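Asks: After the structure tokens below, expect a handful of questions from me.
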Amino acid sequence: MSLVLNEEQVFLKDSAKKFASEKTPTTHFREVRDSEIDNCYDDKIWQEMVSLGWTGILVPEEFGGSNFGVAGISSILEELGRTLTPSPLFSTAVVGVSLIKHASDDVKKDILTKVVQDGLRLCFAIEESNHHDPVKISCEAKKDGSNFIISGEKSFVIDGGFSDKVIVACRTSGEEGSKDGLSLFVLDSDSKGLTITATKMVDSRNAANMKFENVKIPSEKLIGKENDAYEIIESVLDISRAAISAEMLGSALQAYQITLDYLKEREQFGSKIGSFQALQHRAAIMFSELELCKSCVIESITSFDEGGNDSERLASLSKAKVGEVFHLISNESVQMHGGIGVTDEYDIGLYLKRARVAEQIFGDSNFHKNRYAELTGY
Amino acid sequence: MENLDQFRKETKEWLEENCPPEMRKPMGPGDVVWGGRNCKFPHPDAKLWLERMGEKGWTCPTWPKEYGGGGLSFDENKILQEELMAIRARPALSSFGIWMLGPALLEFASEEQKKKYIPEIVKGEIRWCQGYSEPGSGSDLASLKTKAEDNGDHFIVNGQKVWTSYADDCDMIFTLVRTGPQEPKHDGISFLLIDMDQPGVTTKPIKLISGKSPFCETFFDNAIVPKENLVSELNKGWDVAKRLLQHERNMIAGMGLGGAGSAKKKKDQTISSGMATMAKTYVGEEEGKLANAGLRQKIASFDINSHAFSLTMRRASEESKSSNSGPSPASSMFKYYGSESNKLRYELMLEAMGTKALGWEGEGFGPAELAITREWLRTKANSIEGGTSEVQLNIIAKRVLDLPQ
């Protein structure tokens, strides 16, 4: 797979960088956080992203998208990650779109067109416990004539508190924990019987708990085949894991840069603190770790577009490695800032809070280390 | 692309014809060919293989043709390496001349020096060793004291070097000597090429914790060195030294490669982890998983880092392909990570093998097990030689991150 971006991808990344630095620096994040807006992002900014075509990057051209690929959207997310830009871009344009691509032509046409044109927001309800587990699903969908009746609960639905459509992973047969018997459905978030409770996370973004009480949906809203959604789920999760790793890389790089700048500016004992070897060595180790993360992310995001056959393992490689390094950097950055590192006034604490939430998205480092080992035959 | 396909075809054919069957068998520890005036070949085919590869310049594939190198482009060399790997060909020649001295000579030496020394390196005619460290100058290399005094048409060298790899088998030594004042220490150093076949140069092996003696002490007692053996200008040797160290660091970094990630997955092929496979034979498995959960977790972390590291080596080579810049201060990152990773590899093997990895010699242990024990001890020097890990971190902090002094 490519370890260097091509010209068009670099162009896209540069324009996202410009967007983030001009329109959504961290002051933007703070404004949204401290405002009365409860959906945790700015609708105006979201609409600007839509008009730039970002929601259509994974959408095929026949539905109005640019089909620009996972590396394209991930590069944008990396730049947005630098300034902690809040938006439903990941949940909609990466996770949601990738799932809807497996739906019927009618559903695709309806939803994808609206995602590209109007910024219709999508979310994916899969988790049922406090740890990621794509097969630990007991939320049930029972066939009832030409309908399905869904009952059960979901948690940690990213951006689920303020979404327009929900894609839900249900069990249509088999036991909890089994890969067989899973099915995907798409429904409106205001469907009868669906109660959505927005949860405000430590990173000031929203996730949601969802309760399905006999929610009736027509079988045309089934995505893929009944009982057979596992492969779709895993393939979409892998794309999403790679993409969120890119966003996390952007955040980690920026947290590191802020810290490096601080080491060059802060004086104690009559010297810049960056001259102290105790800090220099740790900074140098973090530099090395970030270089490794960059390689994992680029190899992983390009593997989907280039038809690589190791994408699963590369997604776990990325999520495990970047998760661990973002964790390290978020902790070290606060420590190296000293007292001001734990004040709300300084940005560095915002990265710490984002790190922990992002680490949990679709599997933390422990989950992915285990998965990497399994995929490698031990 | 068409030219590259043609090149691949020709390379394949040439290797098929010229790489002797014996040279396609796995290598044992004594099978490395180091070249030199007194070169010991493990097999007559090794001699033939070196002659053929040397003639073509493919022992140093990317070096300029005019000095006997292969003159290959980045992409052509990649193909050559792939094809060599495909037939599991042994390296025709291993040498510090190739890895360290040659690249520095190509950058700093005079035309006459290049014409004289580069072809000898390519063909493996001269075996080189490195005279850098001294008993009092390890990490603080620039404080070195070995002296070279001007004596008309030659220098007279006195002093002592240490950690000179394989000095007792080498023909020539590239050496840092003091030709100017001791302070400022970086400014009075020159880079000299010294023939070891003279009474003024003696060597004495150093026995290591592994029981082996890959390193020597080298003594200079009024050694005579012709003036034309000075590389670059007088007192400007530190620039050459630094550059050469970057090449050395890249070489040592390469030892950190291997593991589950470095093999590129081909179609339908399942990747296995060498470490995990080995651990399974010593620890056992349960339902396909390594039986010891703690060790399994450590190996997974190791494999992930090793995979990420090999991707980073590849990325650096792809990025430098366009800029053609050679190694940079970032090579310290590779040296740091690669050598630490190699040490960890052996620590994990020890953990997996338990007491089977703790034999010293004789009955009760397989030869491979005994070799791992010795190699584990050898790896302890990886993060010391070529600049300690701490020195690498200093270099990254100062030259890459630009942190204040």
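Starting from 1 in every chain, residues are counted up; chains themselves are A, B, ... following the order of the structure tokens, and ligands are numbered from 1 as listed.
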Would you give me, as a PyMOL selection string, the residues in region 155-393 of chain B that DSSP reads as helix (DSSP H, G or I)?
Replies: chain B and resi 167-169+227-229+237-256+274-283+293-323+331-357+367-379+389-393
Asks: At a cut-off of 6 Å, which residues of chain A touch chain B? Count only C-alpha atoms and give the answer as a ChimeraX atom specification.
Replies: /A:3,274-275,280-281,284,288,292,295-296,369,373,376-378
Asks: Write the residues you've just listed into a file as a compact mmCIF listing (two decimals), in the first residue's frame, and include C-alpha atoms for each of them.
Replies:
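Everything below was put into selection_6.txt:
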# COMPACT_ATOMS: atom_id res chain seq x y z
CA LEU A 3 3.05 5.12 2.34
CA GLY A 274 13.14 22.16 27.04
CA SER A 275 16.86 22.17 27.81
CA GLN A 280 14.13 16.04 26.15
CA HIS A 281 14.32 12.28 26.18
CA ALA A 284 12.27 12.41 21.64
CA SER A 288 9.61 8.41 17.46
CA LEU A 292 5.41 4.99 13.76
CA SER A 295 3.13 4.97 9.00
CA CYS A 296 0.39 2.76 10.48
CA LYS A 369 -3.92 -6.01 20.25
CA ALA A 373 -2.80 -11.51 17.57
CA THR A 376 -1.79 -13.27 12.99
CA GLY A 377 -2.56 -16.80 14.12
CA TYR A 378 -1.93 -16.74 17.84
Asks: One decimal, in Å: what's the spacing between CA of Ile137 (chain A) and CA of Asn370 (chain A)?
Replies: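 Going from CA of Ile137 (chain A) over to CA of Asn370 (chain A) covers 19.6 Å.
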Asks: Which of region 197-242 of chain A counts as strand (DSSP E or B) under DSSP, as a ChimeraX atom specification please?
Replies: /A:197-200,206-218,222-223,228
Asks: For region 184-190 of chain A, find every residue with an atom within 8 Å (counting only C-alpha atoms), except residues of its own chain fewer than 6 positions away, and show them as a ChimeraX atom specification.
Replies: /A:163-170,196,217,221-224,226,229
Asks: Contacts of region 57-73 of chain B at 9 Å or less, counting only C-alpha atoms, minus same-chain residues fewer than 5 places along, as an MDAnalysis selection string?
Replies: chainID B and resid 50 52 78 80 91:94 98 102:103 106 114:124
